file work.txt (compact mmCIF, C-alpha atoms and all ligand atoms)
# COMPACT_ATOMS: atom_id res chain seq x y z
CA MET H 12 2.94 9.70 16.17
CA THR H 13 4.21 6.18 16.92
CA SER H 14 7.32 5.26 14.93
CA TYR H 15 6.90 1.95 13.08
CA LYS H 16 9.31 -0.52 11.48
CA ILE H 17 7.69 -1.16 8.10
CA ALA H 18 8.64 -3.74 5.47
CA ILE H 19 7.42 -3.02 1.96
CA THR H 20 7.30 -6.14 -0.20
CA GLY H 21 7.60 -5.13 -3.84
CA GLY H 22 9.10 -1.89 -2.54
CA THR H 23 11.07 -1.39 -5.77
CA GLY H 24 7.86 -0.64 -7.72
CA PRO H 25 6.40 2.87 -7.98
CA GLN H 26 3.68 2.32 -5.37
CA GLY H 27 5.85 0.66 -2.74
CA LYS H 28 8.68 3.12 -3.30
CA GLY H 29 6.32 6.09 -3.09
CA LEU H 30 4.79 4.86 0.16
CA ALA H 31 8.26 4.05 1.51
CA TYR H 32 9.38 7.60 0.75
CA ARG H 33 6.40 9.07 2.62
CA PHE H 34 6.89 6.76 5.62
CA ALA H 35 10.65 7.41 5.85
CA LYS H 36 10.05 11.16 5.52
CA ALA H 37 7.72 10.90 8.54
CA ALA H 38 10.53 9.24 10.59
CA HIS H 39 9.36 5.64 10.34
CA THR H 40 12.01 2.96 9.69
CA VAL H 41 11.54 1.30 6.28
CA PHE H 42 12.85 -2.01 4.94
CA ILE H 43 12.46 -2.18 1.16
CA GLY H 44 11.76 -5.75 0.07
CA SER H 45 12.38 -7.23 -3.36
CA ARG H 46 13.14 -10.54 -5.05
CA SER H 47 16.53 -8.97 -5.73
CA PRO H 48 18.63 -7.49 -2.90
CA GLU H 49 20.43 -5.30 -5.46
CA ARG H 50 17.19 -3.71 -6.68
CA ALA H 51 16.05 -3.26 -3.07
CA LYS H 52 19.31 -1.53 -2.12
CA GLN H 53 19.06 0.78 -5.13
CA ALA H 54 15.50 1.79 -4.21
CA ALA H 55 16.58 2.34 -0.60
CA THR H 56 19.44 4.56 -1.77
CA ASP H 57 17.05 6.63 -3.93
CA ILE H 58 14.69 7.14 -0.98
CA ALA H 59 17.47 7.83 1.54
CA ARG H 60 18.84 10.53 -0.78
CA ARG H 61 15.44 12.23 -0.86
CA VAL H 62 14.80 12.09 2.89
CA GLY H 63 18.44 12.81 3.78
CA ASP H 64 18.76 9.92 6.25
CA ALA H 65 20.32 6.63 5.12
CA ALA H 66 19.80 5.04 8.54
CA ARG H 67 16.04 5.09 8.14
CA VAL H 68 15.84 3.09 4.88
CA SER H 69 17.49 -0.19 3.87
CA GLY H 70 16.96 -2.72 1.10
CA MET H 71 16.94 -6.54 1.20
CA GLU H 72 15.01 -9.60 0.02
CA ASN H 73 11.29 -9.65 0.82
CA ALA H 74 11.63 -12.33 3.52
CA ALA H 75 14.42 -10.49 5.35
CA ALA H 76 12.46 -7.25 5.17
CA ALA H 77 9.31 -8.88 6.57
CA GLU H 78 11.37 -10.56 9.31
CA SER H 79 12.89 -7.23 10.38
CA ALA H 80 9.62 -5.30 10.58
CA ASP H 81 6.58 -5.16 12.82
CA VAL H 82 4.32 -3.97 9.98
CA VAL H 83 4.45 -5.54 6.50
CA LEU H 84 2.93 -3.79 3.50
CA LEU H 85 2.05 -5.88 0.45
CA ALA H 86 2.77 -3.78 -2.67
CA VAL H 87 3.21 -6.38 -5.41
CA PRO H 88 1.04 -6.87 -8.52
CA TYR H 89 -1.97 -9.13 -7.98
CA ASP H 90 -0.42 -11.69 -10.38
CA GLY H 91 2.39 -12.51 -7.95
CA HIS H 92 0.41 -11.83 -4.77
CA ALA H 93 -0.73 -15.29 -3.60
CA ALA H 94 2.66 -16.91 -4.20
CA LEU H 95 4.51 -14.10 -2.43
CA VAL H 96 2.20 -14.14 0.62
CA ALA H 97 2.49 -17.95 0.85
CA SER H 98 6.29 -17.71 0.68
CA LEU H 99 6.30 -15.23 3.60
CA ARG H 100 3.83 -17.16 5.77
CA SER H 101 6.24 -17.72 8.67
CA GLN H 102 7.34 -14.05 8.69
CA LEU H 103 3.76 -12.75 8.61
CA VAL H 104 2.22 -14.81 11.41
CA GLY H 105 1.08 -12.52 14.24
CA LYS H 106 2.14 -9.34 12.40
CA VAL H 107 0.16 -6.40 11.13
CA VAL H 108 -0.05 -6.86 7.36
CA LEU H 109 -1.39 -4.07 5.16
CA SER H 110 -2.46 -4.54 1.56
CA CYS H 111 -2.75 -1.91 -1.17
CA VAL H 112 -3.04 -4.57 -3.88
CA ASN H 113 -5.67 -3.86 -6.53
CA PRO H 114 -6.62 -6.86 -8.68
CA LEU H 115 -7.39 -5.03 -11.93
CA GLY H 116 -7.72 -5.99 -15.56
CA PHE H 117 -7.45 -3.80 -18.63
CA ASP H 118 -9.14 -4.31 -21.98
CA LYS H 119 -10.32 -2.16 -24.88
CA HIS H 120 -13.02 -0.61 -22.64
CA GLY H 121 -10.44 0.41 -20.01
CA PRO H 122 -9.63 -0.77 -16.46
CA TYR H 123 -11.95 -3.04 -14.45
CA GLY H 124 -11.93 -4.99 -11.19
CA LEU H 125 -11.06 -8.67 -11.60
CA ASP H 126 -13.48 -11.31 -10.35
CA ILE H 127 -11.18 -13.38 -8.09
CA ALA H 128 -11.78 -16.52 -6.03
CA ASP H 129 -11.30 -14.89 -2.60
CA SER H 130 -13.33 -11.80 -3.63
CA SER H 131 -10.45 -9.41 -2.79
CA ALA H 132 -6.66 -9.51 -2.55
CA ALA H 133 -6.81 -8.57 1.14
CA GLU H 134 -9.10 -11.52 1.91
CA GLU H 135 -6.83 -13.78 -0.16
CA ALA H 136 -3.86 -12.75 2.00
CA GLN H 137 -5.91 -13.36 5.17
CA ARG H 138 -6.91 -16.84 3.95
CA ILE H 139 -3.28 -17.72 3.18
CA VAL H 140 -2.05 -16.46 6.58
CA PRO H 141 -5.04 -16.66 8.95
CA ASP H 142 -2.88 -15.58 11.91
CA ALA H 143 -1.77 -12.31 10.30
CA LYS H 144 -3.51 -9.10 11.34
CA LEU H 145 -4.78 -7.85 8.00
CA ALA H 146 -6.01 -4.44 6.92
CA GLY H 147 -6.51 -2.95 3.47
CA ALA H 148 -5.32 0.64 2.90
CA PHE H 149 -3.59 3.01 0.45
CA HIS H 150 -5.40 1.55 -2.61
CA HIS H 151 -6.35 4.91 -4.11
CA LEU H 152 -3.12 6.91 -3.83
CA SER H 153 -1.28 7.51 -7.08
CA ALA H 154 2.35 6.44 -7.09
CA VAL H 155 3.24 9.66 -8.94
CA SER H 156 1.64 11.79 -6.23
CA LEU H 157 3.38 9.79 -3.49
CA TRP H 158 6.81 10.37 -5.09
CA SER H 159 6.06 14.05 -5.82
CA ASP H 160 7.52 17.06 -4.00
CA ALA H 161 4.17 17.83 -2.33
CA GLU H 162 4.77 18.09 1.42
CA LEU H 163 1.51 16.20 2.13
CA LEU H 164 -1.36 14.91 -0.04
CA ALA H 165 -3.74 16.81 2.20
CA HIS H 166 -6.56 16.84 -0.38
CA GLU H 167 -6.85 13.02 -0.25
CA ASP H 168 -8.09 10.46 2.26
CA VAL H 169 -6.80 6.98 3.02
CA LEU H 170 -9.63 4.47 3.43
CA VAL H 171 -8.92 1.55 5.76
CA CYS H 172 -10.81 -1.74 6.06
CA GLY H 173 -10.17 -4.73 8.29
CA ASP H 174 -11.41 -7.11 10.95
CA ASP H 175 -8.44 -6.57 13.28
CA ASP H 176 -8.51 -3.38 15.37
CA GLN H 177 -4.73 -3.20 15.80
CA ALA H 178 -4.12 -3.48 12.05
CA LYS H 179 -6.70 -0.79 11.33
CA THR H 180 -5.21 1.51 13.97
CA VAL H 181 -1.71 1.11 12.48
CA ALA H 182 -2.96 1.75 8.93
CA ALA H 183 -4.95 4.79 10.02
CA ASP H 184 -1.92 6.12 11.92
CA LEU H 185 0.44 5.57 8.97
CA ALA H 186 -1.93 7.56 6.75
CA ARG H 187 -0.82 10.66 8.69
CA ALA H 188 2.54 10.43 6.90
CA ILE H 189 0.73 10.90 3.60
CA THR H 190 -2.32 13.11 4.11
CA GLY H 191 -1.46 14.71 7.45
CA ARG H 192 -4.42 13.06 9.18
CA ALA H 193 -5.59 9.63 10.23
CA GLY H 194 -6.99 7.23 7.68
CA ILE H 195 -10.73 6.59 7.73
CA ASP H 196 -12.03 3.29 9.09
CA VAL H 197 -14.64 2.17 6.55
CA GLY H 198 -15.46 -1.19 8.15
CA ALA H 199 -14.78 -4.90 7.74
CA LEU H 200 -12.05 -6.54 5.66
CA ARG H 201 -14.68 -7.70 3.18
CA LEU H 202 -15.10 -4.07 2.10
CA ALA H 203 -11.80 -4.54 0.27
CA ARG H 204 -14.13 -6.01 -2.40
CA GLN H 205 -15.36 -2.46 -2.96
CA LEU H 206 -12.15 -0.52 -2.23
CA GLU H 207 -9.83 -2.47 -4.54
CA PRO H 208 -11.86 -2.22 -7.79
CA LEU H 209 -12.74 1.42 -7.04
CA THR H 210 -9.22 2.14 -8.26
CA ALA H 211 -10.40 1.16 -11.76
CA VAL H 212 -12.81 4.10 -11.59
CA LEU H 213 -9.98 6.46 -10.63
CA ILE H 214 -7.74 5.20 -13.44
CA GLY H 215 -10.64 5.65 -15.88
CA ILE H 216 -11.07 9.26 -14.70
CA ASN H 217 -7.32 9.88 -14.96
CA ARG H 218 -7.24 8.65 -18.54
CA ARG H 219 -10.31 10.59 -19.62
CA TYR H 220 -9.49 13.90 -17.92
CA LYS H 221 -5.65 13.67 -17.90
CA VAL H 222 -5.48 14.15 -14.11
CA ARG H 223 -4.37 12.26 -10.98
CA SER H 224 -7.69 11.74 -9.23
CA GLY H 225 -8.04 10.56 -5.65
CA ILE H 226 -10.55 9.99 -2.86
CA HIS H 227 -11.73 12.61 -0.38
CA ILE H 228 -14.62 11.90 2.01
CA VAL H 229 -16.92 14.77 2.95
CA GLY H 230 -19.06 14.95 6.09
CA LEU H 231 -16.42 13.99 8.63
CA GLY H 232 -15.49 17.53 9.61
CA HIS H 233 -12.23 17.72 7.68
CA ASP H 234 -13.79 18.88 4.39
CA GLY H 235 -11.52 21.90 4.07
N1 LIG H 301 1.09 2.21 -9.26
C1 LIG H 301 0.10 2.83 -8.62
O1 LIG H 301 -0.14 4.05 -8.83
C2 LIG H 301 -0.75 2.08 -7.61
C3 LIG H 301 -1.72 2.79 -6.88
C4 LIG H 301 -2.46 2.10 -5.90
C5 LIG H 301 -2.24 0.76 -5.66
N2 LIG H 301 -1.31 0.08 -6.42
C6 LIG H 301 -1.14 -1.35 -6.16
O2 LIG H 301 0.14 -1.51 -5.56
C7 LIG H 301 0.75 -2.71 -6.03
C8 LIG H 301 2.11 -2.36 -6.62
O3 LIG H 301 1.92 -1.48 -7.70
P1 LIG H 301 3.16 -1.06 -8.62
O4 LIG H 301 2.62 -0.20 -9.69
O5 LIG H 301 4.28 -0.58 -7.77
O6 LIG H 301 3.51 -2.50 -9.25
P2 LIG H 301 4.76 -3.06 -10.07
O7 LIG H 301 5.74 -1.99 -10.35
O8 LIG H 301 4.22 -3.83 -11.21
O9 LIG H 301 5.36 -4.12 -9.03
C9 LIG H 301 5.93 -3.74 -7.80
C10 LIG H 301 7.09 -4.65 -7.47
O10 LIG H 301 6.59 -5.95 -7.22
C11 LIG H 301 7.61 -6.91 -7.54
N3 LIG H 301 6.99 -7.97 -8.34
C12 LIG H 301 6.56 -7.90 -9.62
N4 LIG H 301 6.04 -9.08 -10.01
C13 LIG H 301 6.16 -9.91 -8.93
C14 LIG H 301 5.83 -11.27 -8.71
N5 LIG H 301 5.24 -12.01 -9.66
N6 LIG H 301 6.11 -11.80 -7.49
C15 LIG H 301 6.69 -11.06 -6.51
N7 LIG H 301 7.05 -9.77 -6.69
C16 LIG H 301 6.77 -9.21 -7.88
C17 LIG H 301 8.68 -6.17 -8.33
O11 LIG H 301 9.80 -6.01 -7.47
P3 LIG H 301 11.13 -6.93 -7.60
O12 LIG H 301 11.26 -7.31 -9.05
O13 LIG H 301 12.18 -5.96 -7.17
O14 LIG H 301 10.90 -8.07 -6.68
C18 LIG H 301 8.08 -4.81 -8.61
O15 LIG H 301 9.03 -3.77 -8.61
C19 LIG H 301 -0.21 -3.34 -7.05
O16 LIG H 301 -0.94 -4.37 -6.45
C20 LIG H 301 -1.13 -2.18 -7.44
O17 LIG H 301 -2.43 -2.65 -7.75
C21 LIG H 301 -0.56 0.71 -7.37

call {"tool": "encode", "arguments": {"input": "work.txt", "output": "structure tokens"}}
result
Amino acid sequence: MTSYKIAITGGTGPQGKGLAYRFAKAAHTVFIGSRSPERAKQAATDIARRVGDAARVSGMENAAAAESADVVLLAVPYDGHAALVASLRSQLVGKVVLSCVNPLGFDKHGPYGLDIADSSAAEEAQRIVPDAKLAGAFHHLSAVSLWSDAELLAHEDVLVCGDDDQAKTVAADLARAITGRAGIDVGALRLARQLEPLTAVLIGINRRYKVRSGIHIVGLGHDG
């Protein structure tokens, strides 16, 4: 597997930290990004302790992390997403940028996908930085499962969408660190409109059945 240098913006949150742990465990180099270098360093220390290699994980501000990496993962809440992407424009130009951002709302009926101007967070990021190589991925993995002791989340699939072949290849390759196999290319970036709100369905299932549900695609020959 290729070894990547990955920045995780919002890497102090459960999703970014969980993905960072999985990537570092698979021998990728990870730069945890945060608005606070102290919080980033603390998260990096927590991950380094778990993977037993401090050299592979470091913490810094989001911009420095994005500058240091060749792949940048957006793992911030949708609320802060547009402002963060705009603030990193110069660091993101020409780079592979992956988004796991799910614009969701919650009301008395439960979780639901937000109706947003750009139709999906991934397309919003692409509009803000047209020269970035965008792909959507990792939307449906639970942060708790990512941080768990499970060697791999082999019962799940990572679905990847995008219009840039390089970005999709990188996302599919990085999925190996999590599930043990390549992510599944589902098609164009606009399919983020379906992938992002699908997470509301999973959260609804989790709440109703007290489980950590996930996505597994049958029919591709890895049904197990
Ligand atoms: N949690 C899950 O199980 C899960 C699963 C799939 C996908 N996701 C998606 O992954 C993303 C992150 O999820 P999360 O649960 O880790 O979120 P989170 O804990 O709410 O936020 C992650 C990090 O983003 C930074 N942040 C918060 N507000 C920000 C703002 N306004 N501007 C810039 N940075 C901000 C914070 O880091 P600093 O304060 O250190 O900067 C925070 O630790 C979300 O878009 C979510 O939809 C989450």

call {"tool": "residues_near_point", "arguments": {"input": "work.txt", "point": "(9.7, 3.9, 4.6)", "cutoff": "9 Å", "atoms": "only C-alpha atoms", "output": "PDB file with C-alpha atoms, keeping the file's coordinate frame"}}
result
ATOM      1  CA  LYS H  16       9.310  -0.520  11.480  1.00  0.00           C
ATOM      2  CA  ILE H  17       7.690  -1.160   8.100  1.00  0.00           C
ATOM      3  CA  ALA H  18       8.640  -3.740   5.470  1.00  0.00           C
ATOM      4  CA  ILE H  19       7.420  -3.020   1.960  1.00  0.00           C
ATOM      5  CA  GLY H  27       5.850   0.660  -2.740  1.00  0.00           C
ATOM      6  CA  LYS H  28       8.680   3.120  -3.300  1.00  0.00           C
ATOM      7  CA  GLY H  29       6.320   6.090  -3.090  1.00  0.00           C
ATOM      8  CA  LEU H  30       4.790   4.860   0.160  1.00  0.00           C
ATOM      9  CA  ALA H  31       8.260   4.050   1.510  1.00  0.00           C
ATOM     10  CA  TYR H  32       9.380   7.600   0.750  1.00  0.00           C
ATOM     11  CA  ARG H  33       6.400   9.070   2.620  1.00  0.00           C
ATOM     12  CA  PHE H  34       6.890   6.760   5.620  1.00  0.00           C
ATOM     13  CA  ALA H  35      10.650   7.410   5.850  1.00  0.00           C
ATOM     14  CA  LYS H  36      10.050  11.160   5.520  1.00  0.00           C
ATOM     15  CA  ALA H  37       7.720  10.900   8.540  1.00  0.00           C
ATOM     16  CA  ALA H  38      10.530   9.240  10.590  1.00  0.00           C
ATOM     17  CA  HIS H  39       9.360   5.640  10.340  1.00  0.00           C
ATOM     18  CA  THR H  40      12.010   2.960   9.690  1.00  0.00           C
ATOM     19  CA  VAL H  41      11.540   1.300   6.280  1.00  0.00           C
ATOM     20  CA  PHE H  42      12.850  -2.010   4.940  1.00  0.00           C
ATOM     21  CA  ILE H  43      12.460  -2.180   1.160  1.00  0.00           C
ATOM     22  CA  ALA H  55      16.580   2.340  -0.600  1.00  0.00           C
ATOM     23  CA  ILE H  58      14.690   7.140  -0.980  1.00  0.00           C
ATOM     24  CA  ARG H  67      16.040   5.090   8.140  1.00  0.00           C
ATOM     25  CA  VAL H  68      15.840   3.090   4.880  1.00  0.00           C
ATOM     26  CA  SER H  69      17.490  -0.190   3.870  1.00  0.00           C
TER      27      SER H  69
END

call {"tool": "atom_distance", "arguments": {"input": "work.txt", "atom1": "CA of Gly70 in chain H", "atom2": "CA of Ala182 in chain H"}}
result
21.9 Å

call {"tool": "axis_aligned_box", "arguments": {"input": "work.txt", "around": "range 186-202 of chain H", "padding_each_side": "5 Å", "output": "JSON"}}
result
{"center_x": -6.5, "center_y": 3.5, "center_z": 6.2, "size_x": 28.0, "size_y": 32.4, "size_z": 18.1}

call {"tool": "atom_distance", "arguments": {"input": "work.txt", "atom1": "atom O10 of ligand LIG 301 (chain H)", "atom2": "CA of Ala74 in chain H"}}
result
13.5 Å

call {"tool": "closest_residue", "arguments": {"input": "work.txt", "among": "H:Lys179, H:Ala186, H:Val212, H:Asp168", "to": "Val229 in chain H", "atoms": "all atoms listed in the file"}}
result
H:Asp168

call {"tool": "residues_around", "arguments": {"input": "work.txt", "residues": "range 138-150 of chain H", "least_positions_apart": "6", "cutoff": "6 Å", "atoms": "all atoms listed in the file", "output": "list of chain:residue names"}}
result
H:Arg100, H:Leu103, H:Val104, H:Gly105, H:Lys106, H:Val107, H:Val108, H:Leu109, H:Ser110, H:Cys111, H:Val169, H:Leu170, H:Val171, H:Cys172, H:Gly173, H:Asp175, H:Ala178, H:Lys179

call {"tool": "closest_residue", "arguments": {"input": "work.txt", "among": "H:Pro88, H:Arg61, H:Lys221, H:Ala93", "to": "Gln137 in chain H", "atoms": "all atoms listed in the file"}}
result
H:Ala93

call {"tool": "closest_residue", "arguments": {"input": "work.txt", "among": "H:Ile214, H:Gly225, H:Gly194, H:Phe117", "to": "Ser156 in chain H", "atoms": "only C-alpha atoms"}}
result
H:Gly225

call {"tool": "closest_residue", "arguments": {"input": "work.txt", "among": "H:Ala80, H:Ile189, H:Ala66, H:Leu231", "to": "Gln102 in chain H", "atoms": "all atoms listed in the file"}}
result
H:Ala80

call {"tool": "residues_near_ligand", "arguments": {"input": "work.txt", "ligand": "ligand LIG 301 (chain H)", "cutoff": "9 Å", "atoms": "all atoms listed in the file", "output": "number ranges by chain"}}
result
H: 20-29, 44-51, 54, 72-73, 85-96, 110-115, 132, 149-157, 207, 210, 214
